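Novice: Just one file: final.cif, with mmCIF, N, CA and C atoms.
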data_query
#
loop_
_atom_site.label_atom_id
_atom_site.label_comp_id
_atom_site.auth_asym_id
_atom_site.auth_seq_id
_atom_site.Cartn_x
_atom_site.Cartn_y
_atom_site.Cartn_z
N MET A 529 -45.33 64.11 2.46
CA MET A 529 -45.42 63.47 3.76
C MET A 529 -45.86 62.03 3.54
N THR A 530 -45.12 61.13 4.11
CA THR A 530 -45.47 59.71 4.03
C THR A 530 -45.95 59.25 5.40
N ASP A 531 -46.55 58.07 5.44
CA ASP A 531 -46.97 57.50 6.72
C ASP A 531 -45.77 57.32 7.66
N GLU A 532 -44.67 56.88 7.09
CA GLU A 532 -43.47 56.64 7.90
C GLU A 532 -42.94 57.93 8.50
N LYS A 533 -42.90 59.00 7.70
CA LYS A 533 -42.41 60.29 8.18
C LYS A 533 -43.34 60.86 9.25
N ALA A 534 -44.64 60.76 9.04
CA ALA A 534 -45.61 61.23 10.03
C ALA A 534 -45.44 60.48 11.35
N ASP A 535 -45.27 59.17 11.27
CA ASP A 535 -45.07 58.36 12.46
C ASP A 535 -43.78 58.76 13.18
N GLU A 536 -42.71 58.97 12.42
CA GLU A 536 -41.42 59.38 12.99
C GLU A 536 -41.55 60.72 13.72
N LEU A 537 -42.21 61.68 13.10
CA LEU A 537 -42.35 63.00 13.71
C LEU A 537 -43.15 62.95 15.00
N ILE A 538 -44.23 62.21 15.00
CA ILE A 538 -45.06 62.11 16.21
C ILE A 538 -44.31 61.39 17.32
N ARG A 539 -43.58 60.35 16.97
CA ARG A 539 -42.81 59.64 17.99
C ARG A 539 -41.74 60.54 18.62
N LYS A 540 -41.09 61.36 17.80
CA LYS A 540 -40.12 62.32 18.33
C LYS A 540 -40.81 63.34 19.23
N PHE A 541 -41.96 63.83 18.80
CA PHE A 541 -42.73 64.79 19.59
C PHE A 541 -43.12 64.21 20.95
N VAL A 542 -43.59 62.97 20.95
CA VAL A 542 -43.98 62.31 22.20
C VAL A 542 -42.77 62.14 23.11
N GLY A 543 -41.64 61.76 22.54
CA GLY A 543 -40.43 61.60 23.34
C GLY A 543 -39.99 62.90 23.98
N VAL A 544 -40.01 63.97 23.21
CA VAL A 544 -39.63 65.29 23.75
C VAL A 544 -40.62 65.73 24.82
N SER A 545 -41.89 65.48 24.59
CA SER A 545 -42.93 65.84 25.57
C SER A 545 -42.71 65.11 26.90
N LYS A 546 -42.35 63.84 26.82
CA LYS A 546 -42.08 63.06 28.04
C LYS A 546 -40.86 63.63 28.77
N GLN A 547 -39.82 63.96 28.02
CA GLN A 547 -38.62 64.53 28.64
C GLN A 547 -38.93 65.86 29.32
N ARG A 548 -39.71 66.69 28.65
CA ARG A 548 -40.10 67.98 29.24
C ARG A 548 -40.88 67.78 30.54
N ALA A 549 -41.83 66.85 30.52
CA ALA A 549 -42.65 66.60 31.71
C ALA A 549 -41.80 66.10 32.87
N GLU A 550 -40.86 65.22 32.58
CA GLU A 550 -39.97 64.70 33.63
C GLU A 550 -39.09 65.82 34.19
N LEU A 551 -38.57 66.67 33.31
CA LEU A 551 -37.74 67.78 33.75
C LEU A 551 -38.54 68.77 34.59
N LEU A 552 -39.76 69.07 34.17
CA LEU A 552 -40.60 69.98 34.93
C LEU A 552 -40.92 69.40 36.31
N ALA A 553 -41.19 68.10 36.37
CA ALA A 553 -41.49 67.46 37.66
C ALA A 553 -40.29 67.54 38.59
N THR A 554 -39.11 67.26 38.06
CA THR A 554 -37.89 67.33 38.86
C THR A 554 -37.63 68.75 39.34
N THR A 555 -37.77 69.69 38.43
CA THR A 555 -37.53 71.09 38.78
C THR A 555 -38.56 71.58 39.78
N TYR A 556 -39.82 71.19 39.60
CA TYR A 556 -40.88 71.56 40.55
C TYR A 556 -40.53 71.09 41.95
N ASP A 557 -40.09 69.86 42.07
CA ASP A 557 -39.74 69.32 43.39
C ASP A 557 -38.63 70.14 44.05
N ARG A 558 -37.63 70.53 43.27
CA ARG A 558 -36.53 71.33 43.81
C ARG A 558 -37.00 72.73 44.22
N VAL A 559 -37.82 73.33 43.37
CA VAL A 559 -38.33 74.67 43.68
C VAL A 559 -39.24 74.61 44.90
N LYS A 560 -40.06 73.57 44.98
CA LYS A 560 -40.97 73.41 46.12
C LYS A 560 -40.21 73.30 47.43
N GLN A 561 -39.11 72.59 47.43
CA GLN A 561 -38.29 72.47 48.64
C GLN A 561 -37.71 73.82 49.04
N ALA A 562 -37.41 74.65 48.06
CA ALA A 562 -36.77 75.94 48.33
C ALA A 562 -37.76 77.02 48.73
N VAL A 563 -38.93 77.06 48.09
CA VAL A 563 -39.83 78.20 48.30
C VAL A 563 -41.26 77.81 48.67
N GLY A 564 -41.56 76.54 48.74
CA GLY A 564 -42.91 76.10 49.10
C GLY A 564 -43.74 75.75 47.88
N ALA A 565 -44.83 75.04 48.14
CA ALA A 565 -45.65 74.47 47.06
C ALA A 565 -46.40 75.53 46.25
N ILE A 566 -46.90 76.58 46.90
CA ILE A 566 -47.68 77.58 46.17
C ILE A 566 -46.80 78.30 45.15
N THR A 567 -45.65 78.78 45.58
CA THR A 567 -44.74 79.47 44.66
C THR A 567 -44.23 78.51 43.59
N ALA A 568 -43.96 77.28 43.98
CA ALA A 568 -43.49 76.29 43.01
C ALA A 568 -44.57 76.00 41.97
N ALA A 569 -45.82 75.97 42.39
CA ALA A 569 -46.92 75.74 41.45
C ALA A 569 -47.02 76.91 40.47
N ARG A 570 -46.85 78.12 40.97
CA ARG A 570 -46.85 79.29 40.08
C ARG A 570 -45.71 79.19 39.08
N PHE A 571 -44.54 78.81 39.57
CA PHE A 571 -43.40 78.61 38.67
C PHE A 571 -43.74 77.61 37.58
N ALA A 572 -44.32 76.49 37.96
CA ALA A 572 -44.65 75.44 36.99
C ALA A 572 -45.65 75.95 35.96
N GLN A 573 -46.62 76.75 36.39
CA GLN A 573 -47.60 77.30 35.47
C GLN A 573 -46.94 78.25 34.47
N VAL A 574 -46.07 79.12 34.96
CA VAL A 574 -45.38 80.07 34.07
C VAL A 574 -44.47 79.31 33.12
N GLU A 575 -43.75 78.34 33.62
CA GLU A 575 -42.87 77.55 32.77
C GLU A 575 -43.66 76.86 31.66
N HIS A 576 -44.80 76.30 32.01
CA HIS A 576 -45.64 75.63 31.02
C HIS A 576 -46.11 76.62 29.94
N GLN A 577 -46.54 77.79 30.36
CA GLN A 577 -46.99 78.80 29.40
C GLN A 577 -45.84 79.22 28.47
N LEU A 578 -44.66 79.40 29.03
CA LEU A 578 -43.51 79.77 28.20
C LEU A 578 -43.18 78.68 27.19
N LEU A 579 -43.26 77.43 27.61
CA LEU A 579 -43.01 76.33 26.68
C LEU A 579 -44.05 76.30 25.56
N LEU A 580 -45.30 76.62 25.88
CA LEU A 580 -46.33 76.68 24.84
C LEU A 580 -46.04 77.79 23.84
N ILE A 581 -45.58 78.93 24.34
CA ILE A 581 -45.23 80.05 23.45
C ILE A 581 -44.08 79.66 22.54
N ILE A 582 -43.08 79.00 23.10
CA ILE A 582 -41.94 78.55 22.30
C ILE A 582 -42.39 77.56 21.25
N ASP A 583 -43.27 76.63 21.62
CA ASP A 583 -43.78 75.66 20.65
C ASP A 583 -44.54 76.36 19.52
N LEU A 584 -45.35 77.34 19.88
CA LEU A 584 -46.10 78.08 18.88
C LEU A 584 -45.16 78.82 17.93
N GLN A 585 -44.14 79.44 18.48
CA GLN A 585 -43.16 80.14 17.65
C GLN A 585 -42.45 79.16 16.71
N ASN A 586 -42.08 78.00 17.22
CA ASN A 586 -41.42 77.00 16.39
C ASN A 586 -42.33 76.52 15.26
N CYS A 587 -43.61 76.36 15.55
CA CYS A 587 -44.56 75.94 14.51
C CYS A 587 -44.69 77.02 13.44
N PHE A 588 -44.72 78.28 13.87
CA PHE A 588 -44.81 79.39 12.93
C PHE A 588 -43.61 79.41 12.00
N VAL A 589 -42.43 79.27 12.58
CA VAL A 589 -41.20 79.28 11.78
C VAL A 589 -41.20 78.10 10.80
N ALA A 590 -41.60 76.93 11.28
CA ALA A 590 -41.63 75.76 10.41
C ALA A 590 -42.63 75.94 9.28
N ALA A 591 -43.78 76.53 9.59
CA ALA A 591 -44.80 76.77 8.56
C ALA A 591 -44.30 77.77 7.53
N CYS A 592 -43.63 78.79 7.98
CA CYS A 592 -43.08 79.80 7.06
C CYS A 592 -42.02 79.18 6.16
N ARG A 593 -41.17 78.36 6.74
CA ARG A 593 -40.14 77.70 5.93
C ARG A 593 -40.78 76.75 4.92
N GLY A 594 -41.83 76.07 5.35
CA GLY A 594 -42.55 75.16 4.44
C GLY A 594 -43.19 75.91 3.29
N ALA A 595 -43.55 77.18 3.53
CA ALA A 595 -44.15 78.00 2.48
C ALA A 595 -43.09 78.73 1.65
N GLY A 596 -41.83 78.49 1.98
CA GLY A 596 -40.75 79.13 1.23
C GLY A 596 -40.40 80.52 1.69
N LEU A 597 -40.90 80.92 2.85
CA LEU A 597 -40.60 82.24 3.39
C LEU A 597 -39.34 82.18 4.23
N VAL A 598 -38.59 83.25 4.24
CA VAL A 598 -37.38 83.34 5.03
C VAL A 598 -37.66 84.23 6.24
N ILE A 599 -37.31 83.72 7.40
CA ILE A 599 -37.52 84.49 8.64
C ILE A 599 -36.19 84.79 9.26
#
Kindly transcribe the structure held in the file into C-alpha cells.
Specialist:
Amino acid sequence: MTDEKADELIRKFVGVSKQRAELLATTYDRVKQAVGAITAARFAQVEHQLLLIIDLQNCFVAACRGAGLVI
C-alpha cells in the first residue's frame, strides 16, 4: 500500500458515500410523498442498515481475498 493508493481508495469511498446519500435522500422524498414521513423514515433506517451489512460483507470478502482465501 502506498500513500497514493490509500488516497485513491479513500477518495473513491467518499465519492460512493456521497452518491449513496444523495440517492437515499431522493428516494426518501419519493417514499415520503407516497406513504408519509414516519413510514419513509423507517424505510430510510432499514435501507441504511442493509447498506451497512453489504459494506461489512464486502470488507469480509476483500479481507479474505487479501489473505489468499477463496470465497
Novice: Would you pick out the contacts of Ile566 of chain A at 12 Å or less, using only C-alpha atoms, so that residues sharing its chain but fewer than 6 positions from it are not included, and give the list as a VMD selection string?
Specialist: chain A and resid 556 to 557 559 to 560 572 to 573
Novice: Just how far from atom C of Asp531 of chain A is atom N of Glu550 of chain A, in Å to one decimal?
Specialist: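 So the two atoms, atom N of Glu550 of chain A and atom C of Asp531 of chain A, lie 26.6 Å apart.
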Novice: Determine the residue set returned by the PyMOL selection byres (((chain A and resi 533-548 and name CA) around 12) and name CA) for the present structure, and present it as a list of chain:residue names.
Specialist: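 This file, filtered by the PyMOL selection byres (((chain A and resi 533-548 and name CA) around 12) and name CA), leaves A:Met529, A:Thr530, A:Asp531, A:Glu532, A:Ala549, A:Glu550, A:Leu551, A:Leu552, A:Ala553, A:Thr554, A:Thr555, A:Tyr556, A:Ala572, A:Glu575, A:His576, A:Leu579, A:Leu580, A:Asp583.
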Novice: Any idea what the distance is between atom C of Gln577 of chain A and atom CA of Ala591 of chain A?
Specialist: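 According to the coordinates, atom C of Gln577 of chain A and atom CA of Ala591 of chain A are separated by 20.1 Å.
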Novice: Would you mind reading off the distance between atom C of Ala562 of chain A and atom CA of Leu578 of chain A, one decimal, in Å?
Specialist: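 Separation between atom C of Ala562 of chain A and atom CA of Leu578 of chain A: 21.5 Å.
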